[in-house]
file start-v2.pdb (PDB, C-alpha atoms and all ligand atoms)
ATOM      1  CA  MET A 283      -9.908   0.127  -1.810
ATOM      2  CA  ASP A 284      -7.758   1.892   0.820
ATOM      3  CA  GLN A 285      -8.307   5.613   1.181
ATOM      4  CA  PRO A 286      -8.516   6.725  -2.485
ATOM      5  CA  ILE A 287      -6.058   9.371  -3.629
ATOM      6  CA  ILE A 288      -8.855  11.026  -5.634
ATOM      7  CA  ARG A 289     -12.530  10.865  -4.689
ATOM      8  CA  ILE A 290     -15.125  12.485  -6.930
ATOM      9  CA  GLN A 291     -18.697  12.651  -5.639
ATOM     10  CA  ASN A 292     -21.767  13.970  -7.471
ATOM     11  CA  LEU A 293     -19.578  16.303  -9.504
ATOM     12  CA  GLU A 294     -21.393  18.787 -11.719
ATOM     13  CA  LYS A 295     -20.021  21.345 -14.110
ATOM     14  CA  SER A 296     -21.924  23.637 -16.443
ATOM     15  CA  PHE A 297     -20.705  26.275 -18.825
ATOM     16  CA  GLY A 298     -23.678  28.646 -18.883
ATOM     17  CA  THR A 299     -26.648  26.434 -19.660
ATOM     18  CA  LEU A 300     -24.483  23.611 -21.043
ATOM     19  CA  ARG A 301     -24.198  20.755 -18.517
ATOM     20  CA  VAL A 302     -20.808  19.169 -19.224
ATOM     21  CA  ILE A 303     -20.319  16.992 -16.121
ATOM     22  CA  ASP A 304     -23.514  15.471 -14.880
ATOM     23  CA  GLY A 305     -23.426  13.884 -11.427
ATOM     24  CA  LEU A 306     -20.101  12.106 -11.744
ATOM     25  CA  ASN A 307     -18.780   9.660  -9.146
ATOM     26  CA  PHE A 308     -15.490   7.786  -9.140
ATOM     27  CA  ASP A 309     -12.518   7.019  -6.915
ATOM     28  CA  VAL A 310      -8.912   6.558  -7.952
ATOM     29  CA  ALA A 311      -6.607   4.328  -5.910
ATOM     30  CA  LYS A 312      -3.071   5.442  -5.149
ATOM     31  CA  GLY A 313      -0.796   4.273  -7.945
ATOM     32  CA  GLU A 314      -3.650   3.466 -10.302
ATOM     33  CA  LYS A 315      -3.319   4.190 -14.034
ATOM     34  CA  LEU A 316      -6.638   5.325 -15.461
ATOM     35  CA  ALA A 317      -7.569   6.011 -19.080
ATOM     36  CA  LEU A 318     -10.556   8.281 -19.806
ATOM     37  CA  ILE A 319     -12.028   7.605 -23.233
ATOM     38  CA  GLY A 320     -15.190   8.659 -25.016
ATOM     39  CA  PRO A 321     -16.581  10.808 -27.791
ATOM     40  CA  SER A 322     -15.469  14.375 -28.366
ATOM     41  CA  GLY A 323     -17.222  16.751 -25.977
ATOM     42  CA  SER A 324     -18.023  14.095 -23.362
ATOM     43  CA  GLY A 325     -16.228  16.090 -20.645
ATOM     44  CA  LYS A 326     -12.902  14.250 -20.316
ATOM     45  CA  THR A 327     -10.643  17.296 -20.540
ATOM     46  CA  THR A 328     -12.952  19.257 -18.255
ATOM     47  CA  ILE A 329     -12.461  16.635 -15.537
ATOM     48  CA  LEU A 330      -8.669  16.985 -15.753
ATOM     49  CA  ARG A 331      -8.944  20.786 -15.758
ATOM     50  CA  ILE A 332     -11.169  20.671 -12.674
ATOM     51  CA  LEU A 333      -8.652  18.425 -10.899
ATOM     52  CA  MET A 334      -5.918  20.883 -11.847
ATOM     53  CA  THR A 335      -8.096  23.694 -10.366
ATOM     54  CA  LEU A 336      -8.193  25.422 -13.751
ATOM     55  CA  GLU A 337     -12.015  25.345 -13.675
ATOM     56  CA  ASP A 338     -14.353  25.821 -10.750
ATOM     57  CA  ILE A 339     -17.221  23.401 -10.222
ATOM     58  CA  SER A 340     -20.989  23.809 -10.244
ATOM     59  CA  GLY A 341     -21.720  21.166  -7.610
ATOM     60  CA  GLY A 342     -20.444  18.107  -5.772
ATOM     61  CA  ARG A 343     -17.209  17.391  -4.008
ATOM     62  CA  ILE A 344     -13.662  16.352  -4.858
ATOM     63  CA  GLU A 345     -11.064  15.082  -2.447
ATOM     64  CA  VAL A 346      -7.398  14.802  -3.340
ATOM     65  CA  CYS A 347      -5.016  13.102  -0.898
ATOM     66  CA  GLY A 348      -7.794  13.066   1.694
ATOM     67  CA  GLU A 349      -8.569  16.797   1.556
ATOM     68  CA  PRO A 350     -11.333  18.667  -0.250
ATOM     69  CA  LEU A 351     -10.015  20.327  -3.380
ATOM     70  CA  TYR A 352     -12.466  23.132  -4.013
ATOM     71  CA  HIS A 353     -14.612  23.452  -0.949
ATOM     72  CA  MET A 354     -13.721  23.489   2.682
ATOM     73  CA  SER A 355     -16.320  22.831   5.284
ATOM     74  CA  LYS A 356     -16.808  25.718   7.679
ATOM     75  CA  GLY A 357     -19.300  25.094  10.455
ATOM     76  CA  GLY A 358     -21.083  22.589   8.235
ATOM     77  CA  ALA A 359     -21.445  24.994   5.284
ATOM     78  CA  GLU A 360     -19.445  24.490   2.089
ATOM     79  CA  VAL A 361     -17.454  27.549   1.090
ATOM     80  CA  PRO A 362     -15.036  28.055  -1.806
ATOM     81  CA  ALA A 363     -11.440  27.159  -0.972
ATOM     82  CA  ASP A 364      -9.097  30.122  -0.601
ATOM     83  CA  GLU A 365      -6.012  30.706  -2.759
ATOM     84  CA  ALA A 366      -3.583  29.400  -0.115
ATOM     85  CA  HIS A 367      -5.471  26.103   0.038
ATOM     86  CA  LEU A 368      -5.636  25.817  -3.767
ATOM     87  CA  HIS A 369      -1.919  26.530  -3.976
ATOM     88  CA  LYS A 370      -1.194  23.732  -1.510
ATOM     89  CA  MET A 371      -3.488  21.289  -3.318
ATOM     90  CA  ARG A 372      -2.025  22.093  -6.738
ATOM     91  CA  ARG A 373       1.314  20.749  -5.567
ATOM     92  CA  HIS A 374      -0.135  17.238  -5.482
ATOM     93  CA  ILE A 375      -0.913  17.292  -9.191
ATOM     94  CA  GLY A 376       1.079  17.750 -12.406
ATOM     95  CA  MET A 377      -0.392  18.046 -15.875
ATOM     96  CA  VAL A 378       0.883  17.633 -19.417
ATOM     97  CA  PHE A 379      -1.235  19.264 -22.104
ATOM     98  CA  GLN A 380      -1.748  18.659 -25.790
ATOM     99  CA  HIS A 381       0.331  21.778 -26.531
ATOM    100  CA  PHE A 382       3.639  21.630 -24.731
ATOM    101  CA  ASN A 383       3.746  25.284 -23.605
ATOM    102  CA  LEU A 384       7.520  25.323 -23.064
ATOM    103  CA  PHE A 385       9.120  28.675 -22.306
ATOM    104  CA  PRO A 386      10.618  29.563 -25.709
ATOM    105  CA  HIS A 387      13.476  31.705 -24.387
ATOM    106  CA  LYS A 388      14.677  29.206 -21.779
ATOM    107  CA  SER A 389      16.883  26.188 -22.447
ATOM    108  CA  VAL A 390      15.534  22.667 -21.988
ATOM    109  CA  LEU A 391      17.288  22.429 -18.608
ATOM    110  CA  GLN A 392      15.961  25.810 -17.466
ATOM    111  CA  ASN A 393      12.430  24.853 -18.531
ATOM    112  CA  ILE A 394      12.631  21.929 -16.115
ATOM    113  CA  THR A 395      14.384  23.637 -13.184
ATOM    114  CA  LEU A 396      12.442  26.917 -13.185
ATOM    115  CA  ALA A 397       9.395  25.828 -11.171
ATOM    116  CA  PRO A 398      11.237  23.711  -8.562
ATOM    117  CA  VAL A 399      13.609  26.627  -7.880
ATOM    118  CA  LEU A 400      10.994  29.398  -7.957
ATOM    119  CA  THR A 401       7.945  27.752  -6.427
ATOM    120  CA  LYS A 402       9.491  25.145  -4.138
ATOM    121  CA  GLY A 403      12.641  27.001  -3.204
ATOM    122  CA  GLU A 404      14.910  24.127  -4.238
ATOM    123  CA  SER A 405      18.609  24.819  -4.718
ATOM    124  CA  ARG A 406      19.643  25.222  -8.338
ATOM    125  CA  ALA A 407      22.154  22.370  -7.987
ATOM    126  CA  ALA A 408      19.531  19.923  -6.670
ATOM    127  CA  ALA A 409      16.994  20.991  -9.315
ATOM    128  CA  GLU A 410      19.581  20.573 -12.099
ATOM    129  CA  LYS A 411      20.632  17.165 -10.862
ATOM    130  CA  ARG A 412      17.065  15.891 -10.956
ATOM    131  CA  ALA A 413      16.377  17.632 -14.277
ATOM    132  CA  ARG A 414      19.298  15.739 -15.826
ATOM    133  CA  GLU A 415      18.016  12.448 -14.401
ATOM    134  CA  LEU A 416      14.577  13.167 -15.835
ATOM    135  CA  LEU A 417      16.030  14.110 -19.216
ATOM    136  CA  ASP A 418      17.863  10.807 -19.192
ATOM    137  CA  MET A 419      14.610   9.009 -18.398
ATOM    138  CA  VAL A 420      12.801  10.634 -21.343
ATOM    139  CA  GLY A 421      15.769   9.918 -23.645
ATOM    140  CA  LEU A 422      16.975  13.515 -24.011
ATOM    141  CA  ALA A 423      20.124  13.558 -21.877
ATOM    142  CA  ASP A 424      22.048  15.215 -24.708
ATOM    143  CA  LYS A 425      19.537  18.057 -25.229
ATOM    144  CA  ALA A 426      19.828  19.872 -21.868
ATOM    145  CA  ASP A 427      21.332  23.007 -23.419
ATOM    146  CA  TYR A 428      19.105  23.114 -26.498
ATOM    147  CA  MET A 429      16.398  25.744 -26.935
ATOM    148  CA  PRO A 430      12.806  24.498 -27.498
ATOM    149  CA  SER A 431      12.871  25.787 -31.098
ATOM    150  CA  GLN A 432      15.665  23.296 -31.838
ATOM    151  CA  LEU A 433      13.526  20.309 -30.842
ATOM    152  CA  SER A 434      10.952  18.205 -32.680
ATOM    153  CA  GLY A 435       7.370  18.115 -31.377
ATOM    154  CA  GLY A 436       7.923  14.700 -29.809
ATOM    155  CA  GLN A 437      11.069  15.934 -28.063
ATOM    156  CA  LYS A 438       9.231  19.046 -26.824
ATOM    157  CA  GLN A 439       6.481  16.892 -25.385
ATOM    158  CA  ARG A 440       9.043  14.688 -23.628
ATOM    159  CA  VAL A 441      10.571  17.842 -22.096
ATOM    160  CA  ALA A 442       7.072  18.879 -20.970
ATOM    161  CA  ILE A 443       6.661  15.482 -19.280
ATOM    162  CA  ALA A 444      10.042  15.860 -17.535
ATOM    163  CA  ARG A 445       9.079  19.378 -16.461
ATOM    164  CA  ALA A 446       5.839  18.202 -14.853
ATOM    165  CA  LEU A 447       7.657  15.326 -13.110
ATOM    166  CA  ALA A 448      10.308  17.691 -11.727
ATOM    167  CA  LEU A 449       7.790  19.036  -9.220
ATOM    168  CA  GLN A 450       7.373  15.477  -7.904
ATOM    169  CA  PRO A 451       3.583  15.428  -7.928
ATOM    170  CA  GLN A 452       1.718  12.444  -6.530
ATOM    171  CA  ILE A 453      -0.737  12.518  -9.414
ATOM    172  CA  MET A 454      -0.041  13.141 -13.105
ATOM    173  CA  LEU A 455      -2.711  14.149 -15.613
ATOM    174  CA  PHE A 456      -2.091  13.689 -19.339
ATOM    175  CA  ASP A 457      -4.442  15.388 -21.772
ATOM    176  CA  GLU A 458      -4.167  14.154 -25.361
ATOM    177  CA  VAL A 459      -0.406  14.412 -25.189
ATOM    178  CA  THR A 460       0.163  13.071 -28.691
ATOM    179  CA  SER A 461      -2.673  14.670 -30.632
ATOM    180  CA  ALA A 462      -0.659  17.720 -31.744
ATOM    181  CA  LEU A 463       2.213  15.542 -32.997
ATOM    182  CA  ASP A 464       3.042  14.304 -36.462
ATOM    183  CA  PRO A 465       2.241  10.582 -36.621
ATOM    184  CA  GLU A 466       5.901   9.518 -36.801
ATOM    185  CA  LEU A 467       6.617  11.312 -33.487
ATOM    186  CA  VAL A 468       3.747   9.789 -31.532
ATOM    187  CA  GLU A 469       5.423   6.499 -30.696
ATOM    188  CA  GLU A 470       8.435   8.001 -28.878
ATOM    189  CA  VAL A 471       6.126   9.885 -26.507
ATOM    190  CA  LEU A 472       3.918   6.848 -25.932
ATOM    191  CA  GLU A 473       7.008   4.753 -25.141
ATOM    192  CA  VAL A 474       8.094   7.246 -22.465
ATOM    193  CA  MET A 475       4.619   7.213 -20.943
ATOM    194  CA  LYS A 476       4.382   3.434 -20.943
ATOM    195  CA  ARG A 477       7.738   3.293 -19.168
ATOM    196  CA  LEU A 478       6.495   5.834 -16.611
ATOM    197  CA  ALA A 479       3.328   3.819 -16.070
ATOM    198  CA  ASN A 480       5.239   0.575 -15.606
ATOM    199  CA  GLU A 481       8.163   1.839 -13.563
ATOM    200  CA  THR A 482       6.636   4.339 -11.130
ATOM    201  CA  ASP A 483       3.931   4.085  -8.508
ATOM    202  CA  MET A 484       2.616   7.524  -9.412
ATOM    203  CA  THR A 485      -1.132   7.847  -9.908
ATOM    204  CA  MET A 486      -1.890   8.720 -13.534
ATOM    205  CA  LEU A 487      -5.004   9.849 -15.403
ATOM    206  CA  LEU A 488      -4.812   9.848 -19.163
ATOM    207  CA  VAL A 489      -7.276  11.337 -21.636
ATOM    208  CA  THR A 490      -6.673   9.842 -25.055
ATOM    209  CA  HIS A 491      -8.191   9.059 -28.420
ATOM    210  CA  GLU A 492      -5.559   6.339 -28.969
ATOM    211  CA  MET A 493      -7.345   3.196 -27.852
ATOM    212  CA  GLY A 494      -4.363   0.887 -28.350
ATOM    213  CA  PHE A 495      -2.341   3.097 -26.047
ATOM    214  CA  ALA A 496      -5.140   3.270 -23.453
ATOM    215  CA  HIS A 497      -5.223  -0.533 -23.597
ATOM    216  CA  ASP A 498      -1.482  -0.876 -22.945
ATOM    217  CA  PHE A 499      -1.259   1.931 -20.375
ATOM    218  CA  ALA A 500      -4.240   1.633 -18.089
ATOM    219  CA  ASP A 501      -5.258  -0.562 -15.163
ATOM    220  CA  ARG A 502      -8.806   0.697 -15.611
ATOM    221  CA  VAL A 503     -10.627   2.363 -18.483
ATOM    222  CA  LEU A 504     -13.564   4.748 -17.969
ATOM    223  CA  PHE A 505     -15.821   5.271 -20.973
ATOM    224  CA  PHE A 506     -17.578   8.644 -20.835
ATOM    225  CA  ASP A 507     -20.536  10.009 -22.680
ATOM    226  CA  LYS A 508     -22.341  13.286 -21.971
ATOM    227  CA  GLY A 509     -20.487  13.942 -18.732
ATOM    228  CA  ARG A 510     -21.204  10.558 -17.188
ATOM    229  CA  ILE A 511     -19.400   7.241 -16.919
ATOM    230  CA  VAL A 512     -21.240   4.794 -19.141
ATOM    231  CA  GLU A 513     -18.993   1.838 -18.423
ATOM    232  CA  GLN A 514     -15.701   1.094 -16.704
ATOM    233  CA  GLY A 515     -13.422  -1.876 -16.217
ATOM    234  CA  PRO A 516     -10.047  -3.418 -16.997
ATOM    235  CA  PRO A 517      -8.853  -2.648 -20.549
ATOM    236  CA  ASP A 518      -9.280  -6.240 -21.748
ATOM    237  CA  GLN A 519     -12.925  -6.191 -20.742
ATOM    238  CA  ILE A 520     -13.738  -2.714 -22.118
ATOM    239  CA  PHE A 521     -11.928  -3.213 -25.420
ATOM    240  CA  THR A 522     -12.754  -6.842 -26.151
ATOM    241  CA  ALA A 523     -16.056  -7.413 -24.334
ATOM    242  CA  PRO A 524     -17.816  -4.087 -23.709
ATOM    243  CA  LYS A 525     -21.247  -4.495 -22.155
ATOM    244  CA  GLN A 526     -23.003  -1.235 -22.987
ATOM    245  CA  ASP A 527     -24.373  -0.464 -26.445
ATOM    246  CA  ARG A 528     -22.879   3.028 -26.414
ATOM    247  CA  THR A 529     -19.400   1.650 -25.676
ATOM    248  CA  LYS A 530     -19.817  -0.972 -28.407
ATOM    249  CA  SER A 531     -20.843   1.549 -31.053
ATOM    250  CA  PHE A 532     -18.046   3.969 -30.061
ATOM    251  CA  LEU A 533     -15.429   1.207 -30.368
ATOM    252  CA  ARG A 534     -16.931  -0.071 -33.634
ATOM    253  CA  LYS A 535     -16.406   3.372 -35.163
ATOM    254  CA  ILE A 536     -12.825   3.481 -33.885
ATOM    255  CA  VAL A 537     -12.066   0.077 -35.402
ATOM    256  CA  ALA A 538     -13.798   1.044 -38.669
ATOM    257  CA  ALA A 539     -11.455   4.058 -38.817
ATOM    258  CA  GLY A 540      -8.527   1.618 -38.763
ATOM    259  CA  GLN A 541      -7.331   2.112 -35.197
ATOM    260  CA  ARG A 542      -6.005  -0.656 -32.987
ATOM    261  CA  VAL A 543      -7.981  -1.158 -29.743
TER     262      VAL A 543
HETATM  263  N1  LIG B 601     -14.499  27.223 -21.273
HETATM  264  C1  LIG B 601     -15.569  26.660 -21.861
HETATM  265  N2  LIG B 601     -16.651  27.407 -22.159
HETATM  266  C2  LIG B 601     -17.742  26.854 -22.733
HETATM  267  N3  LIG B 601     -17.845  25.546 -23.073
HETATM  268  C3  LIG B 601     -16.799  24.765 -22.810
HETATM  269  C4  LIG B 601     -15.601  25.275 -22.193
HETATM  270  N4  LIG B 601     -14.734  24.244 -22.052
HETATM  271  C5  LIG B 601     -15.344  23.140 -22.559
HETATM  272  N5  LIG B 601     -16.573  23.448 -23.011
HETATM  273  C6  LIG B 601     -17.532  22.516 -23.599
HETATM  274  O1  LIG B 601     -17.680  21.429 -22.700
HETATM  275  C7  LIG B 601     -17.887  20.212 -23.414
HETATM  276  C8  LIG B 601     -16.894  19.189 -22.925
HETATM  277  O2  LIG B 601     -15.599  19.568 -23.346
HETATM  278  P1  LIG B 601     -14.312  18.701 -23.019
HETATM  279  O3  LIG B 601     -13.157  19.399 -23.645
HETATM  280  O4  LIG B 601     -14.251  18.394 -21.590
HETATM  281  O5  LIG B 601     -14.652  17.365 -23.810
HETATM  282  P2  LIG B 601     -13.687  16.170 -24.204
HETATM  283  O6  LIG B 601     -14.430  14.921 -23.895
HETATM  284  O7  LIG B 601     -12.352  16.331 -23.564
HETATM  285  O8  LIG B 601     -13.583  16.367 -25.761
HETATM  286  P3  LIG B 601     -12.358  16.075 -26.777
HETATM  287  O9  LIG B 601     -12.224  14.570 -26.792
HETATM  288  O10 LIG B 601     -12.821  16.625 -28.077
HETATM  289  O11 LIG B 601     -11.149  16.766 -26.234
HETATM  290  C9  LIG B 601     -17.794  20.545 -24.886
HETATM  291  O12 LIG B 601     -19.089  20.690 -25.396
HETATM  292  C10 LIG B 601     -17.056  21.874 -24.886
HETATM  293  O13 LIG B 601     -17.413  22.635 -26.000
END
call {"tool": "encode", "arguments": {"input": "start-v2.pdb", "output": "C-alpha cells", "more": "lines below"}}
Ligand SMILES: Nc1ncnc2c1ncn2[C@@H]1O[C@H](COP(=O)(O)OP(=O)(O)OP(=O)(O)O)[C@@H](O)[C@H]1O
result
Amino acid sequence: MDQPIIRIQNLEKSFGTLRVIDGLNFDVAKGEKLALIGPSGSGKTTILRILMTLEDISGGRIEVCGEPLYHMSKGGAEVPADEAHLHKMRRHIGMVFQHFNLFPHKSVLQNITLAPVLTKGESRAAAEKRARELLDMVGLADKADYMPSQLSGGQKQRVAIARALALQPQIMLFDEVTSALDPELVEEVLEVMKRLANETDMTMLLVTHEMGFAHDFADRVLFFDKGRIVEQGPPDQIFTAPKQDRTKSFLRKIVAAGQRV
C-alpha cells in the first residue's frame, strides 16, 4: 500500500473502566471504501467519532493524511494536539450521522452553503453553485428552496450527505445513515451512496447493520467484536466464506433474521 490516508496503531479507548477499543490496528488506502460491521457495542461508532475528533483517545496513535490526528510529537514526548491543529485536521474529514441534524430554520440550499461560506470563507456564489450541483447529484435539484420540515427522512439524509460533501473532505464517514429511516426510504439513500462510492475516488468508511449494502458498497469489510478486528477481507470472502467462528455466527444470525448478505 502507498502511504495510507488513515493509519491506526494500537488504538485504545475506554469510557471509565469500560474498554471499548482494545489495541486496534488498521490502515486505509486513499480511495478505499471500507465497511465496518459487527455486533452492537463492538466500538464501530466510537472509531468514527474518534476519527472525527469528537472523542479523545486513551492510547495509541492515529495518522490522517500523513499527520498525527490527536498527538503531536514534541521533543520525543507525545502531547495532546492543540485546537488549531485539530481544526486543520477536521477539514480532511466529513461525517454523516444517523440523525441528519439539519438546521431547521435554514433552507436546503442554506444548509449546504453555510459551512463553506462561514468556515472556509468561500464566496456565496461559488458555494451556491456547488450546492446546486450536489443537490442534483443526490436527486434533489428541485428542493433547494424547501425547508427541512418539508422533506421526507430520506430526502433529509440526502441533504445531509450533500452538506458534508460541500466541504470537499478527502475522507467521508457514514454512521448508520439509514437506521433512522422508514424502510421504504432506505433504498433512495443507499442508491446515492452506492453512486458516490462508484463515481468518486473519495475515501469512505461506513458503519452499517445492512449487510447487503456493505457487500455492494465496500472494497474491504472489517468485522469487529469487543473493540478488535476479528476478521477482514473483500466482501465476497467475508460474506460467503468467513473464516472465524465469531464472524460465522454473527452472519448466521443476520441471515436467520431475513437479511440479505
Ligand atoms: N460517551 C460514552 N460514555 C460511555 N460509554 C459509551 C459512550 N459512547 C459509547 N459508549 C459505549 O461504548 C461501547 C461501544 O459503543 P459504539 O457505539 O462504538 O458501538 P457500535 O459498535 O457502534 O454499536 P451499534 O452497532 O449499536 O451502534 C458501548 O458499550 C457503548 O455503550
call {"tool": "residues_around", "arguments": {"input": "start-v2.pdb", "residues": "Met484 (chain A)", "least_positions_apart": "5", "cutoff": "8 Å", "atoms": "all atoms listed in the file", "output": "PyMOL selection string"}}
result
chain A and resi 312-314+452-454+479
call {"tool": "axis_aligned_box", "arguments": {"input": "start-v2.pdb", "around": "region 405-423 of chain A", "padding_each_side": "5 Å", "output": "JSON"}}
result
{"center_x": 17.5, "center_y": 17.1, "center_z": -14.4, "size_x": 19.4, "size_y": 26.2, "size_z": 29.3}
call {"tool": "residues_near_ligand", "arguments": {"input": "start-v2.pdb", "ligand": "ligand LIG 601 (chain B)", "cutoff": "7 Å", "atoms": "only C-alpha atoms and all ligand atoms", "output": "NGL selection string"}}
result
:A and (297 or 302 or 320-329)
call {"tool": "write_last_selection", "arguments": {"input": "start-v2.pdb", "atoms": "C-alpha atoms", "output": "tab-separated table (two decimals), in the frame of the given file"}}
result
chain	number	residue	atom	x	y	z
A	297	PHE	CA	-20.70	26.28	-18.82
A	302	VAL	CA	-20.81	19.17	-19.22
A	320	GLY	CA	-15.19	8.66	-25.02
A	321	PRO	CA	-16.58	10.81	-27.79
A	322	SER	CA	-15.47	14.38	-28.37
A	323	GLY	CA	-17.22	16.75	-25.98
A	324	SER	CA	-18.02	14.10	-23.36
A	325	GLY	CA	-16.23	16.09	-20.64
A	326	LYS	CA	-12.90	14.25	-20.32
A	327	THR	CA	-10.64	17.30	-20.54
A	328	THR	CA	-12.95	19.26	-18.26
A	329	ILE	CA	-12.46	16.64	-15.54
call {"tool": "atom_distance", "arguments": {"input": "start-v2.pdb", "atom1": "CA of Ile394 (chain A)", "atom2": "CA of Ala442 (chain A)"}}
result
8.0 Å
call {"tool": "resolve_selection", "arguments": {"input": "start-v2.pdb", "expression": "the PyMOL selection byres (((chain A and resi 512-519) around 12) and not hetatm)", "output": "PDB file with C-alpha atoms, keeping the file's coordinate frame"}}
result
ATOM      1  CA  ASP A 304     -23.514  15.471 -14.880  1.00  0.00           C
ATOM      2  CA  LEU A 306     -20.101  12.106 -11.744  1.00  0.00           C
ATOM      3  CA  ASN A 307     -18.780   9.660  -9.146  1.00  0.00           C
ATOM      4  CA  PHE A 308     -15.490   7.786  -9.140  1.00  0.00           C
ATOM      5  CA  ASP A 309     -12.518   7.019  -6.915  1.00  0.00           C
ATOM      6  CA  GLU A 314      -3.650   3.466 -10.302  1.00  0.00           C
ATOM      7  CA  LYS A 315      -3.319   4.190 -14.034  1.00  0.00           C
ATOM      8  CA  LEU A 316      -6.638   5.325 -15.461  1.00  0.00           C
ATOM      9  CA  ALA A 317      -7.569   6.011 -19.080  1.00  0.00           C
ATOM     10  CA  LEU A 318     -10.556   8.281 -19.806  1.00  0.00           C
ATOM     11  CA  ILE A 319     -12.028   7.605 -23.233  1.00  0.00           C
ATOM     12  CA  GLY A 320     -15.190   8.659 -25.016  1.00  0.00           C
ATOM     13  CA  PRO A 321     -16.581  10.808 -27.791  1.00  0.00           C
ATOM     14  CA  SER A 324     -18.023  14.095 -23.362  1.00  0.00           C
ATOM     15  CA  MET A 493      -7.345   3.196 -27.852  1.00  0.00           C
ATOM     16  CA  GLY A 494      -4.363   0.887 -28.350  1.00  0.00           C
ATOM     17  CA  PHE A 495      -2.341   3.097 -26.047  1.00  0.00           C
ATOM     18  CA  ALA A 496      -5.140   3.270 -23.453  1.00  0.00           C
ATOM     19  CA  HIS A 497      -5.223  -0.533 -23.597  1.00  0.00           C
ATOM     20  CA  ASP A 498      -1.482  -0.876 -22.945  1.00  0.00           C
ATOM     21  CA  PHE A 499      -1.259   1.931 -20.375  1.00  0.00           C
ATOM     22  CA  ALA A 500      -4.240   1.633 -18.089  1.00  0.00           C
ATOM     23  CA  ASP A 501      -5.258  -0.562 -15.163  1.00  0.00           C
ATOM     24  CA  ARG A 502      -8.806   0.697 -15.611  1.00  0.00           C
ATOM     25  CA  VAL A 503     -10.627   2.363 -18.483  1.00  0.00           C
ATOM     26  CA  LEU A 504     -13.564   4.748 -17.969  1.00  0.00           C
ATOM     27  CA  PHE A 505     -15.821   5.271 -20.973  1.00  0.00           C
ATOM     28  CA  PHE A 506     -17.578   8.644 -20.835  1.00  0.00           C
ATOM     29  CA  ASP A 507     -20.536  10.009 -22.680  1.00  0.00           C
ATOM     30  CA  LYS A 508     -22.341  13.286 -21.971  1.00  0.00           C
ATOM     31  CA  GLY A 509     -20.487  13.942 -18.732  1.00  0.00           C
ATOM     32  CA  ARG A 510     -21.204  10.558 -17.188  1.00  0.00           C
ATOM     33  CA  ILE A 511     -19.400   7.241 -16.919  1.00  0.00           C
ATOM     34  CA  ILE A 520     -13.738  -2.714 -22.118  1.00  0.00           C
ATOM     35  CA  PHE A 521     -11.928  -3.213 -25.420  1.00  0.00           C
ATOM     36  CA  THR A 522     -12.754  -6.842 -26.151  1.00  0.00           C
ATOM     37  CA  ALA A 523     -16.056  -7.413 -24.334  1.00  0.00           C
ATOM     38  CA  PRO A 524     -17.816  -4.087 -23.709  1.00  0.00           C
ATOM     39  CA  LYS A 525     -21.247  -4.495 -22.155  1.00  0.00           C
ATOM     40  CA  GLN A 526     -23.003  -1.235 -22.987  1.00  0.00           C
ATOM     41  CA  ASP A 527     -24.373  -0.464 -26.445  1.00  0.00           C
ATOM     42  CA  ARG A 528     -22.879   3.028 -26.414  1.00  0.00           C
ATOM     43  CA  THR A 529     -19.400   1.650 -25.676  1.00  0.00           C
ATOM     44  CA  LYS A 530     -19.817  -0.972 -28.407  1.00  0.00           C
ATOM     45  CA  PHE A 532     -18.046   3.969 -30.061  1.00  0.00           C
ATOM     46  CA  VAL A 543      -7.981  -1.158 -29.743  1.00  0.00           C
TER      47      VAL A 543
END
call {"tool": "residues_around", "arguments": {"input": "start-v2.pdb", "residues": "region 409-416 of chain A", "least_positions_apart": "4", "cutoff": "12 Å", "atoms": "only C-alpha atoms", "output": "ChimeraX atom specification"}}
result
/A:389-405,420-427,440-450,474,478
call {"tool": "closest_residue", "arguments": {"input": "start-v2.pdb", "among": "A:Thr482, A:Ser461, A:Ser340, A:Thr335", "to": "Lys295 (chain A)", "atoms": "only C-alpha atoms"}}
result
A:Ser340
call {"tool": "build_atoms", "arguments": {"input": "start-v2.pdb", "residues": "region 296-305 of chain A", "atoms": "N, CA and C atoms", "output": "PDB file, keeping the file's coordinate frame"}}
result
ATOM      1  N   SER A 296     -21.225  23.060 -15.296  1.00  0.00           N
ATOM      2  CA  SER A 296     -21.924  23.637 -16.443  1.00  0.00           C
ATOM      3  C   SER A 296     -21.140  24.837 -16.931  1.00  0.00           C
ATOM      4  N   PHE A 297     -21.167  25.019 -18.242  1.00  0.00           N
ATOM      5  CA  PHE A 297     -20.705  26.275 -18.825  1.00  0.00           C
ATOM      6  C   PHE A 297     -21.970  26.989 -19.280  1.00  0.00           C
ATOM      7  N   GLY A 298     -22.381  28.022 -18.583  1.00  0.00           N
ATOM      8  CA  GLY A 298     -23.678  28.646 -18.883  1.00  0.00           C
ATOM      9  C   GLY A 298     -24.768  27.609 -18.714  1.00  0.00           C
ATOM     10  N   THR A 299     -25.556  27.415 -19.764  1.00  0.00           N
ATOM     11  CA  THR A 299     -26.648  26.434 -19.660  1.00  0.00           C
ATOM     12  C   THR A 299     -26.202  25.036 -20.099  1.00  0.00           C
ATOM     13  N   LEU A 300     -24.957  24.915 -20.560  1.00  0.00           N
ATOM     14  CA  LEU A 300     -24.483  23.611 -21.043  1.00  0.00           C
ATOM     15  C   LEU A 300     -23.958  22.768 -19.881  1.00  0.00           C
ATOM     16  N   ARG A 301     -24.637  21.650 -19.585  1.00  0.00           N
ATOM     17  CA  ARG A 301     -24.198  20.755 -18.517  1.00  0.00           C
ATOM     18  C   ARG A 301     -23.146  19.811 -19.099  1.00  0.00           C
ATOM     19  N   VAL A 302     -21.906  19.927 -18.642  1.00  0.00           N
ATOM     20  CA  VAL A 302     -20.808  19.169 -19.224  1.00  0.00           C
ATOM     21  C   VAL A 302     -20.453  17.951 -18.374  1.00  0.00           C
ATOM     22  N   ILE A 303     -20.520  18.117 -17.049  1.00  0.00           N
ATOM     23  CA  ILE A 303     -20.319  16.992 -16.121  1.00  0.00           C
ATOM     24  C   ILE A 303     -21.612  16.856 -15.328  1.00  0.00           C
ATOM     25  N   ASP A 304     -22.125  15.617 -15.308  1.00  0.00           N
ATOM     26  CA  ASP A 304     -23.514  15.471 -14.880  1.00  0.00           C
ATOM     27  C   ASP A 304     -23.654  14.420 -13.767  1.00  0.00           C
ATOM     28  N   GLY A 305     -23.260  14.809 -12.553  1.00  0.00           N
ATOM     29  CA  GLY A 305     -23.426  13.884 -11.427  1.00  0.00           C
ATOM     30  C   GLY A 305     -22.431  12.734 -11.482  1.00  0.00           C
TER      31      GLY A 305
END
